[in-house]
>>> print(open('start.txt').read())   # compact mmCIF, C-alpha atoms
# COMPACT_ATOMS: atom_id res chain seq x y z
CA MET I 309 23.05 -17.10 13.22
CA ALA I 310 20.06 -18.43 15.13
CA VAL I 311 16.59 -18.72 13.68
CA LEU I 312 14.13 -18.14 16.52
CA ARG I 313 10.88 -18.43 14.64
CA ASP I 314 10.21 -20.13 11.36
CA GLU I 315 6.76 -20.03 9.82
CA LEU I 316 5.44 -20.99 6.42
CA ILE I 317 2.17 -19.81 4.90
CA GLY I 318 0.58 -20.30 1.49
CA LEU I 319 -0.10 -17.32 -0.77
CA ARG I 320 -3.14 -18.33 -2.79
CA SER I 321 -5.60 -15.46 -2.37
CA MET I 322 -5.86 -11.78 -1.44
CA ASP I 323 -6.82 -12.85 2.09
CA ASP I 324 -3.47 -14.60 2.36
CA ILE I 325 -1.73 -11.29 1.54
CA ILE I 326 -3.48 -9.66 4.48
CA LYS I 327 -2.56 -12.61 6.68
CA ALA I 328 1.04 -12.34 5.46
CA ARG I 329 1.14 -8.64 6.39
CA GLN I 330 -0.19 -9.40 9.88
CA LEU I 331 2.34 -12.20 10.46
CA VAL I 332 5.27 -10.06 9.32
CA ARG I 333 4.07 -7.21 11.57
CA GLU I 334 3.86 -9.59 14.56
CA CYS I 335 7.34 -10.95 13.92
CA ALA I 336 8.79 -7.42 13.51
CA ILE I 337 7.26 -6.39 16.84
CA PHE I 338 8.57 -9.60 18.45
CA GLN I 339 12.06 -8.73 17.20
CA GLY I 340 11.82 -5.19 18.57
CA LEU I 341 11.94 -3.29 15.26
CA SER I 342 10.96 0.39 15.45
CA LEU I 343 7.56 1.42 14.13
CA VAL I 344 9.11 2.84 10.96
CA ASP I 345 11.14 -0.33 10.35
CA GLN I 346 8.07 -2.49 11.02
CA THR I 347 6.11 -0.46 8.47
CA LYS I 348 8.91 -0.75 5.92
CA ILE I 349 9.23 -4.53 6.07
CA VAL I 350 5.46 -5.06 6.19
CA THR I 351 5.03 -2.83 3.11
CA ALA I 352 7.85 -4.62 1.26
CA ALA I 353 6.29 -7.98 2.20
CA SER I 354 2.90 -6.80 0.93
CA GLU I 355 4.42 -5.85 -2.44
CA LEU I 356 6.27 -9.13 -2.78
CA ALA I 357 3.33 -11.27 -1.62
CA ARG I 358 1.21 -9.61 -4.29
CA ASN I 359 3.92 -10.35 -6.90
CA THR I 360 3.94 -14.00 -5.82
CA LEU I 361 0.18 -14.17 -6.23
CA VAL I 362 -0.26 -12.08 -9.40
CA HIS I 363 2.89 -12.92 -11.37
CA GLY I 364 3.88 -16.27 -9.84
CA GLY I 365 0.36 -17.72 -9.77
CA GLY I 366 0.57 -18.19 -6.00
CA GLY I 367 3.24 -19.71 -3.80
CA GLU I 368 4.53 -19.58 -0.28
CA MET I 369 5.93 -17.13 2.22
CA ARG I 370 8.49 -18.16 4.79
CA LEU I 371 8.99 -15.92 7.79
CA GLN I 372 12.00 -16.10 10.11
CA ALA I 373 13.08 -14.22 13.22
CA LEU I 374 16.88 -13.99 13.09
CA ASN I 375 19.37 -13.47 15.90
CA ASP I 376 22.90 -12.79 14.74
CA GLY I 377 24.90 -12.02 17.88
CA PRO I 378 23.52 -8.72 19.13
CA ARG I 379 21.61 -8.13 15.90
CA ARG I 380 17.97 -9.06 15.63
CA GLY I 381 16.09 -9.10 12.40
CA VAL I 382 13.22 -10.37 10.31
CA LYS I 383 13.68 -12.37 7.14
CA VAL I 384 10.90 -13.06 4.67
CA ILE I 385 11.23 -15.38 1.68
CA PHE I 386 8.71 -15.58 -1.16
CA VAL I 387 8.71 -18.62 -3.40
CA ASP I 388 6.61 -19.32 -6.45
CA SER I 389 6.87 -21.80 -9.29
CA GLY I 390 5.45 -19.45 -11.89
CA PRO I 391 6.86 -18.38 -15.25
CA GLY I 392 9.92 -16.67 -13.74
CA ILE I 393 11.43 -13.32 -14.68
CA PRO I 394 13.37 -13.37 -17.97
CA ASP I 395 15.29 -10.14 -17.33
CA ILE I 396 15.80 -9.42 -13.63
CA GLU I 397 17.77 -6.22 -14.25
CA LEU I 398 14.87 -4.80 -16.24
CA ALA I 399 12.28 -6.00 -13.70
CA MET I 400 14.20 -4.21 -10.94
CA LYS I 401 13.87 -0.83 -12.68
CA ASP I 402 11.50 1.76 -11.23
CA GLY I 403 8.43 2.04 -13.39
CA TYR I 404 8.86 -1.22 -15.27
CA THR I 405 5.60 -3.14 -15.24
CA THR I 406 4.05 -6.01 -17.14
CA ARG I 407 0.61 -5.77 -15.57
CA GLY I 408 -0.26 -2.09 -15.69
CA GLY I 409 0.80 -1.44 -12.11
CA LEU I 410 3.17 1.28 -11.01
CA GLY I 411 6.25 -0.88 -11.43
CA LEU I 412 7.43 -0.16 -7.91
CA GLY I 413 7.00 -3.62 -6.40
CA LEU I 414 10.52 -5.01 -6.74
CA SER I 415 12.56 -1.81 -6.89
CA GLY I 416 10.55 -0.16 -4.11
CA SER I 417 10.73 -3.21 -1.83
CA LYS I 418 14.49 -3.29 -2.24
CA ARG I 419 14.74 0.27 -0.97
CA LEU I 420 12.69 -0.59 2.12
CA VAL I 421 14.94 -3.37 3.42
CA ASP I 422 18.56 -3.94 4.45
CA GLU I 423 19.12 -7.09 2.41
CA PHE I 424 17.43 -8.11 -0.82
CA GLY I 425 17.98 -11.22 -2.88
CA ILE I 426 16.26 -12.45 -6.02
CA ASP I 427 16.66 -15.64 -7.96
CA SER I 428 14.51 -16.49 -10.94
CA LYS I 429 14.61 -19.18 -13.58
CA PRO I 430 12.34 -18.84 -16.61
CA GLY I 431 9.77 -21.62 -16.52
CA LYS I 432 10.76 -22.70 -13.01
CA GLY I 433 9.80 -19.85 -10.71
CA THR I 434 11.06 -16.99 -8.59
CA THR I 435 12.43 -16.66 -5.05
CA VAL I 436 12.79 -13.28 -3.39
CA SER I 437 14.20 -12.82 0.10
CA ILE I 438 14.34 -9.70 2.24
CA VAL I 439 15.83 -8.90 5.66
CA ARG I 440 15.32 -5.92 7.89
CA TRP I 441 17.60 -5.62 10.93
CA ARG I 442 16.76 -3.77 14.10
CA MET B 1443 -17.97 -8.74 1.74
CA GLU B 1444 -16.70 -5.88 3.88
CA ARG B 1445 -17.37 -2.40 2.58
CA ILE B 1446 -16.04 0.99 3.51
CA PRO B 1447 -18.83 3.40 4.55
CA ILE B 1448 -19.11 6.74 2.76
CA LEU B 1449 -20.61 9.45 5.01
CA LYS B 1450 -22.12 12.69 3.79
CA MET B 1451 -21.09 15.84 5.71
CA GLY B 1452 -22.74 18.85 4.14
CA PRO B 1453 -21.29 19.22 0.63
CA TYR B 1454 -18.48 16.75 1.37
CA LEU B 1455 -18.07 13.01 1.59
CA LEU B 1456 -16.08 11.46 4.42
CA VAL B 1457 -14.45 8.09 3.95
CA THR B 1458 -12.68 6.57 6.94
CA ILE B 1459 -10.69 3.49 6.12
CA GLN B 1460 -10.66 1.23 9.15
CA VAL B 1461 -10.22 -2.20 7.63
CA ASP B 1462 -7.05 -3.84 6.44
CA MET B 1463 -7.30 -2.96 2.76
CA HIS B 1464 -8.11 -5.88 0.60
CA ASP B 1465 -7.59 -5.25 -3.11
CA ARG B 1466 -11.24 -5.93 -3.86
CA ILE B 1467 -12.47 -3.61 -1.08
CA ALA B 1468 -10.30 -0.89 -2.61
CA MET B 1469 -11.80 -1.39 -6.06
CA THR B 1470 -15.35 -1.36 -4.66
CA LEU B 1471 -14.61 1.88 -2.82
CA GLN B 1472 -13.45 3.56 -6.05
CA ASP B 1473 -16.68 2.57 -7.80
CA GLU B 1474 -19.01 3.54 -4.97
CA LEU B 1475 -17.27 6.80 -4.21
CA THR B 1476 -17.40 8.07 -7.79
CA GLU B 1477 -21.10 7.22 -7.93
CA ARG B 1478 -21.73 9.01 -4.64
CA ILE B 1479 -19.83 12.14 -5.79
CA VAL B 1480 -22.28 12.43 -8.66
CA SER B 1481 -25.50 11.42 -6.85
CA ASP B 1482 -24.77 13.58 -3.77
CA ARG B 1483 -23.32 16.44 -5.84
CA ALA B 1484 -20.34 16.37 -3.51
CA GLN B 1485 -17.81 19.17 -3.71
CA GLY B 1486 -15.05 17.35 -1.98
CA VAL B 1487 -13.88 14.08 -0.47
CA LEU B 1488 -12.04 13.60 2.81
CA LEU B 1489 -10.18 10.32 2.82
CA ASP B 1490 -9.20 9.53 6.41
CA ILE B 1491 -6.37 6.98 6.55
CA SER B 1492 -5.41 7.52 10.20
CA SER B 1493 -6.17 3.87 11.02
CA VAL B 1494 -4.20 2.53 8.07
CA ASP B 1495 -0.83 1.11 9.11
CA VAL B 1496 0.37 -0.05 5.68
CA VAL B 1497 0.05 1.67 2.31
CA ASP B 1498 1.72 -0.36 -0.40
CA SER B 1499 1.86 0.58 -4.08
CA PHE B 1500 -1.56 -0.92 -4.80
CA ILE B 1501 -3.30 1.03 -2.04
CA GLY B 1502 -1.25 4.12 -2.92
CA ARG B 1503 -2.36 3.83 -6.52
CA MET B 1504 -5.96 3.51 -5.38
CA ILE B 1505 -5.65 6.71 -3.34
CA GLY B 1506 -4.19 8.47 -6.39
CA ASN B 1507 -6.98 7.12 -8.59
CA ILE B 1508 -9.66 8.33 -6.19
CA ALA B 1509 -8.13 11.82 -6.20
CA SER B 1510 -7.92 11.89 -10.03
CA MET B 1511 -11.41 10.51 -10.56
CA SER B 1512 -13.00 12.93 -8.11
CA ARG B 1513 -11.15 15.85 -9.72
CA VAL B 1514 -12.59 14.88 -13.09
CA LEU B 1515 -16.00 14.94 -11.39
CA ASP B 1516 -15.30 18.44 -10.04
CA ALA B 1517 -14.66 17.39 -6.45
CA GLU B 1518 -11.37 17.78 -4.62
CA THR B 1519 -9.90 14.99 -2.49
CA VAL B 1520 -7.88 15.59 0.66
CA VAL B 1521 -6.12 12.64 2.26
CA VAL B 1522 -6.02 13.13 6.02
CA GLY B 1523 -4.32 11.52 8.98
CA MET B 1524 -1.47 9.69 7.29
CA ARG B 1525 0.77 8.15 9.95
CA PRO B 1526 4.39 9.34 9.96
CA ALA B 1527 5.76 5.80 9.48
CA VAL B 1528 3.47 5.34 6.47
CA ALA B 1529 4.64 8.66 4.97
CA ILE B 1530 8.32 7.70 5.34
CA THR B 1531 7.69 4.28 3.83
CA LEU B 1532 5.66 5.62 0.89
CA VAL B 1533 8.37 8.07 -0.11
CA GLU B 1534 11.09 5.41 0.09
CA LEU B 1535 8.93 3.04 -1.88
CA GLY B 1536 8.95 5.69 -4.62
CA LEU B 1537 5.36 6.80 -4.25
CA ALA B 1538 5.37 10.40 -3.09
CA LEU B 1539 1.83 11.08 -4.40
CA PRO B 1540 2.76 14.59 -5.61
CA SER B 1541 -0.66 15.46 -7.00
CA ILE B 1542 -2.56 14.64 -3.83
CA LYS B 1543 -3.65 17.20 -1.28
CA THR B 1544 -3.04 16.14 2.30
CA ALA B 1545 -3.87 17.45 5.75
CA LEU B 1546 -2.90 16.28 9.20
CA ASN B 1547 -6.47 15.69 10.40
CA VAL B 1548 -10.11 15.88 9.33
CA ASP B 1549 -10.52 19.46 10.63
CA ALA B 1550 -7.55 20.75 8.66
CA GLY B 1551 -8.71 18.79 5.64
CA MET B 1552 -12.14 20.39 5.83
CA THR B 1553 -10.57 23.86 5.99
CA LEU B 1554 -8.49 23.01 2.93
CA LEU B 1555 -11.55 21.84 0.98
CA LYS B 1556 -13.48 25.01 1.85
CA ALA B 1557 -10.55 27.20 0.79
CA ALA B 1558 -10.12 25.26 -2.46
CA ARG B 1559 -13.78 25.79 -3.25
CA LYS B 1560 -13.57 29.55 -2.77
CA THR B 1561 -10.62 29.96 -5.10
CA SER B 1562 -11.81 27.55 -7.76
CA ASN B 1563 -15.37 28.89 -8.01
CA ASN B 1564 -14.38 31.82 -10.21
CA GLY B 1565 -16.69 31.94 -13.18
CA ARG B 1566 -18.13 28.51 -12.54
CA PRO B 1567 -21.72 28.02 -11.57
CA ALA B 1568 -22.27 26.98 -7.97
CA ARG B 1569 -23.86 23.58 -7.48
>>> encode(input="start.txt", output="structure tokens")
Amino acid sequence: MAVLRDELIGLRSMDDIIKARQLVRECAIFQGLSLVDQTKIVTAASELARNTLVHGGGGEMRLQALNDGPRRGVKVIFVDSGPGIPDIELAMKDGYTTRGGLGLGLSGSKRLVDEFGIDSKPGKGTTVSIVRWR
Amino acid sequence: MERIPILKMGPYLLVTIQVDMHDRIAMTLQDELTERIVSDRAQGVLLDISSVDVVDSFIGRMIGNIASMSRVLDAETVVVGMRPAVAITLVELGLALPSIKTALNVDAGMTLLKAARKTSNNGRPAR
């Protein structure tokens, strides 16, 4: 699998979330995703970027354009070194929230993408990766 | 800081969101809009999101809050101009916004607000 583009941006403020959305949109257009698929991955990225900022205390977003034979896709990875998620299964449930939100961030993002991965260690931080293929 | 203008159109308020929604802009809009509903004695709010290309759960929640708050203040909210890709994404995200009135464009939204006023005025004093 070839990685055509590889970008890294910091997620430290709300402005960074907007920047993250714009970068993911650009990459999705570059990879030829349909408008609906662009909207899905940008929305998922917005949810996860906000999680990184609000729950992880800030972190980074890595954005990759993937070419896997005839398949083209967009991969986004969110990394923070915050408190981590003690119970991932619970955190993935619709409606579960620790901050008074709607509790759709993780579970909803997962529904919007083709591949979803989460790794979290209490006290060390959380990494979430998503891929949407064309 | 950027702000979203609130325009008065007869008994209604028109809000057209044309900026990439920042969480703080969204919060400011909620505050200003509720104040304007009261000070302008508005009967309804048209929230035009035709320029909005992403509605995540935060922005979706804000839209829901605006509708609930204005209802408590005796004004109906109609969300107009949602893009098809945004609608598909919102429903898959799990945010179908069941309690929110929607219309395809501002004209249709205005018709809906007028109709809602006629049916809900029974026994209530006009403003």
>>> closest_residue(input="start.txt", among="B:Leu1535, B:Leu1554, B:Val1480, B:Ile1491", to="I:Ala352", atoms="all atoms listed in the file")
B:Leu1535
>>> interface_residues(input="start.txt", of="chain B", to="chain I", cutoff="7 Å", atoms="all atoms listed in the file", output="list in words")
His1464, Asp1465, Val1496, Val1497, Asp1498, Ser1499, Ala1527, Val1528, Thr1531, Glu1534, Leu1535 and Gly1536 of chain B
>>> atom_distance(input="start.txt", atom1="atom CA of B:Asp1549", atom2="atom CA of B:Ile1508")
20.2 Å
>>> closest_residue(input="start.txt", among="B:Val1457, B:Arg1525, B:Gly1506, B:Thr1553", to="B:Pro1540", atoms="only C-alpha atoms")
B:Gly1506
>>> residues_around(input="start.txt", residues="B:Leu1449", least_positions_apart="5", cutoff="10 Å", atoms="all atoms listed in the file", output="ChimeraX atom specification")
/B:1454-1458,1478,1487-1488
>>> atom_distance(input="start.txt", atom1="atom CA of B:Met1504", atom2="atom CA of I:Leu356")
17.8 Å
>>> residues_around(input="start.txt", residues="B:Ser1510", least_positions_apart="3", cutoff="12 Å", atoms="only C-alpha atoms", output="mmCIF file with C-alpha atoms, in the coordinates of the input")
data_model
loop_
_atom_site.group_PDB
_atom_site.id
_atom_site.type_symbol
_atom_site.label_atom_id
_atom_site.label_comp_id
_atom_site.auth_asym_id
_atom_site.auth_seq_id
_atom_site.Cartn_x
_atom_site.Cartn_y
_atom_site.Cartn_z
ATOM 1 C CA GLN B 1472 -13.450 3.560 -6.050
ATOM 2 C CA THR B 1476 -17.400 8.070 -7.790
ATOM 3 C CA VAL B 1487 -13.880 14.080 -0.470
ATOM 4 C CA ARG B 1503 -2.360 3.830 -6.520
ATOM 5 C CA MET B 1504 -5.960 3.510 -5.380
ATOM 6 C CA ILE B 1505 -5.650 6.710 -3.340
ATOM 7 C CA GLY B 1506 -4.190 8.470 -6.390
ATOM 8 C CA ASN B 1507 -6.980 7.120 -8.590
ATOM 9 C CA ARG B 1513 -11.150 15.850 -9.720
ATOM 10 C CA VAL B 1514 -12.590 14.880 -13.090
ATOM 11 C CA LEU B 1515 -16.000 14.940 -11.390
ATOM 12 C CA ASP B 1516 -15.300 18.440 -10.040
ATOM 13 C CA ALA B 1517 -14.660 17.390 -6.450
ATOM 14 C CA GLU B 1518 -11.370 17.780 -4.620
ATOM 15 C CA THR B 1519 -9.900 14.990 -2.490
ATOM 16 C CA VAL B 1520 -7.880 15.590 0.660
ATOM 17 C CA LEU B 1539 1.830 11.080 -4.400
ATOM 18 C CA PRO B 1540 2.760 14.590 -5.610
ATOM 19 C CA SER B 1541 -0.660 15.460 -7.000
ATOM 20 C CA ILE B 1542 -2.560 14.640 -3.830
ATOM 21 C CA LYS B 1543 -3.650 17.200 -1.280
#
>>> residues_around(input="start.txt", residues="I:Gln339", least_positions_apart="6", cutoff="8 Å", atoms="only C-alpha atoms", output="CSV table (one decimal) with C-alpha atoms, in the coordinates of the input")
chain,number,residue,atom,x,y,z
I,373,ALA,CA,13.1,-14.2,13.2
I,380,ARG,CA,18.0,-9.1,15.6
I,381,GLY,CA,16.1,-9.1,12.4
I,382,VAL,CA,13.2,-10.4,10.3
I,442,ARG,CA,16.8,-3.8,14.1
>>> atom_distance(input="start.txt", atom1="atom CA of I:Asp427", atom2="atom CA of I:Ala399")
12.0 Å
>>> axis_aligned_box(input="start.txt", around="stretch 1529-1539 of chain B", padding_each_side="5 Å", output="lines of an AutoDock Vina configuration file")
center_x = 6.5
center_y = 7.1
center_z = 0.4
size_x = 19.3
size_y = 18.0
size_z = 20.0
>>> residues_around(input="start.txt", residues="I:Val362", least_positions_apart="5", cutoff="10 Å", atoms="all atoms listed in the file", output="count of residues only")
7
>>> residues_around(input="start.txt", residues="B:Glu1474", least_positions_apart="6", cutoff="10 Å", atoms="all atoms listed in the file", output="tab-separated table (two decimals) with C-alpha atoms, in the frame of the given file")
chain	number	residue	atom	x	y	z
B	1445	ARG	CA	-17.37	-2.40	2.58
B	1446	ILE	CA	-16.04	0.99	3.51
B	1447	PRO	CA	-18.83	3.40	4.55
B	1448	ILE	CA	-19.11	6.74	2.76
>>> residues_near_point(input="start.txt", point="(17.0, -9.6, 6.6)", cutoff="10 Å", atoms="all atoms listed in the file", output="PDB file with C-alpha atoms, in the frame of the given file")
ATOM      1  CA  ILE I 349       9.230  -4.530   6.070  1.00  0.00           C
ATOM      2  CA  GLN I 372      12.000 -16.100  10.110  1.00  0.00           C
ATOM      3  CA  ALA I 373      13.080 -14.220  13.220  1.00  0.00           C
ATOM      4  CA  LEU I 374      16.880 -13.990  13.090  1.00  0.00           C
ATOM      5  CA  ARG I 380      17.970  -9.060  15.630  1.00  0.00           C
ATOM      6  CA  GLY I 381      16.090  -9.100  12.400  1.00  0.00           C
ATOM      7  CA  VAL I 382      13.220 -10.370  10.310  1.00  0.00           C
ATOM      8  CA  LYS I 383      13.680 -12.370   7.140  1.00  0.00           C
ATOM      9  CA  VAL I 384      10.900 -13.060   4.670  1.00  0.00           C
ATOM     10  CA  ILE I 385      11.230 -15.380   1.680  1.00  0.00           C
ATOM     11  CA  VAL I 421      14.940  -3.370   3.420  1.00  0.00           C
ATOM     12  CA  ASP I 422      18.560  -3.940   4.450  1.00  0.00           C
ATOM     13  CA  GLU I 423      19.120  -7.090   2.410  1.00  0.00           C
ATOM     14  CA  PHE I 424      17.430  -8.110  -0.820  1.00  0.00           C
ATOM     15  CA  GLY I 425      17.980 -11.220  -2.880  1.00  0.00           C
ATOM     16  CA  SER I 437      14.200 -12.820   0.100  1.00  0.00           C
ATOM     17  CA  ILE I 438      14.340  -9.700   2.240  1.00  0.00           C
ATOM     18  CA  VAL I 439      15.830  -8.900   5.660  1.00  0.00           C
ATOM     19  CA  ARG I 440      15.320  -5.920   7.890  1.00  0.00           C
ATOM     20  CA  TRP I 441      17.600  -5.620  10.930  1.00  0.00           C
ATOM     21  CA  ARG I 442      16.760  -3.770  14.100  1.00  0.00           C
TER      22      ARG I 442
END
>>> closest_residue(input="start.txt", among="I:Leu371, I:Leu341, I:Ile396, I:Val436", to="I:Leu316", atoms="all atoms listed in the file")
I:Leu371
>>> closest_residue(input="start.txt", among="I:Arg370, I:Cys335, I:Lys401, I:Gly340", to="I:Leu319", atoms="all atoms listed in the file")
I:Arg370
>>> build_atoms(input="start.txt", residues="stretch 1506-1522 of chain B", atoms="N, CA and C atoms", output="mmCIF file, in the frame of the given file")
data_model
loop_
_atom_site.group_PDB
_atom_site.id
_atom_site.type_symbol
_atom_site.label_atom_id
_atom_site.label_comp_id
_atom_site.auth_asym_id
_atom_site.auth_seq_id
_atom_site.Cartn_x
_atom_site.Cartn_y
_atom_site.Cartn_z
ATOM 1 N N GLY B 1506 -4.427 7.558 -5.266
ATOM 2 C CA GLY B 1506 -4.190 8.470 -6.390
ATOM 3 C C GLY B 1506 -5.340 8.449 -7.383
ATOM 4 N N ASN B 1507 -5.858 7.235 -7.657
ATOM 5 C CA ASN B 1507 -6.980 7.120 -8.590
ATOM 6 C C ASN B 1507 -8.210 7.845 -8.067
ATOM 7 N N ILE B 1508 -8.484 7.675 -6.777
ATOM 8 C CA ILE B 1508 -9.660 8.330 -6.190
ATOM 9 C C ILE B 1508 -9.538 9.842 -6.345
ATOM 10 N N ALA B 1509 -8.337 10.369 -6.081
ATOM 11 C CA ALA B 1509 -8.130 11.820 -6.200
ATOM 12 C C ALA B 1509 -8.328 12.264 -7.653
ATOM 13 N N SER B 1510 -7.784 11.513 -8.618
ATOM 14 C CA SER B 1510 -7.920 11.890 -10.030
ATOM 15 C C SER B 1510 -9.369 11.799 -10.490
ATOM 16 N N MET B 1511 -10.021 10.700 -10.124
ATOM 17 C CA MET B 1511 -11.410 10.510 -10.560
ATOM 18 C C MET B 1511 -12.312 11.591 -9.988
ATOM 19 N N SER B 1512 -12.117 11.929 -8.694
ATOM 20 C CA SER B 1512 -13.000 12.930 -8.110
ATOM 21 C C SER B 1512 -12.724 14.301 -8.724
ATOM 22 N N ARG B 1513 -11.468 14.566 -9.083
ATOM 23 C CA ARG B 1513 -11.150 15.850 -9.720
ATOM 24 C C ARG B 1513 -11.867 15.970 -11.061
ATOM 25 N N VAL B 1514 -11.885 14.884 -11.803
ATOM 26 C CA VAL B 1514 -12.590 14.880 -13.090
ATOM 27 C C VAL B 1514 -14.074 15.142 -12.876
ATOM 28 N N LEU B 1515 -14.582 14.720 -11.715
ATOM 29 C CA LEU B 1515 -16.000 14.940 -11.390
ATOM 30 C C LEU B 1515 -16.197 16.241 -10.611
ATOM 31 N N ASP B 1516 -15.216 17.121 -10.664
ATOM 32 C CA ASP B 1516 -15.300 18.440 -10.040
ATOM 33 C C ASP B 1516 -15.412 18.386 -8.520
ATOM 34 N N ALA B 1517 -14.733 17.437 -7.911
ATOM 35 C CA ALA B 1517 -14.660 17.390 -6.450
ATOM 36 C C ALA B 1517 -13.198 17.203 -6.073
ATOM 37 N N GLU B 1518 -12.762 17.920 -5.057
ATOM 38 C CA GLU B 1518 -11.370 17.780 -4.620
ATOM 39 C C GLU B 1518 -11.267 16.668 -3.572
ATOM 40 N N THR B 1519 -10.123 15.987 -3.528
ATOM 41 C CA THR B 1519 -9.900 14.990 -2.490
ATOM 42 C C THR B 1519 -8.768 15.451 -1.588
ATOM 43 N N VAL B 1520 -8.975 15.335 -0.288
ATOM 44 C CA VAL B 1520 -7.880 15.590 0.660
ATOM 45 C C VAL B 1520 -7.680 14.315 1.474
ATOM 46 N N VAL B 1521 -6.456 13.827 1.474
ATOM 47 C CA VAL B 1521 -6.120 12.640 2.260
ATOM 48 C C VAL B 1521 -5.686 13.127 3.641
ATOM 49 N N VAL B 1522 -6.345 12.643 4.675
ATOM 50 C CA VAL B 1522 -6.020 13.130 6.020
ATOM 51 C C VAL B 1522 -5.562 12.024 6.947
#
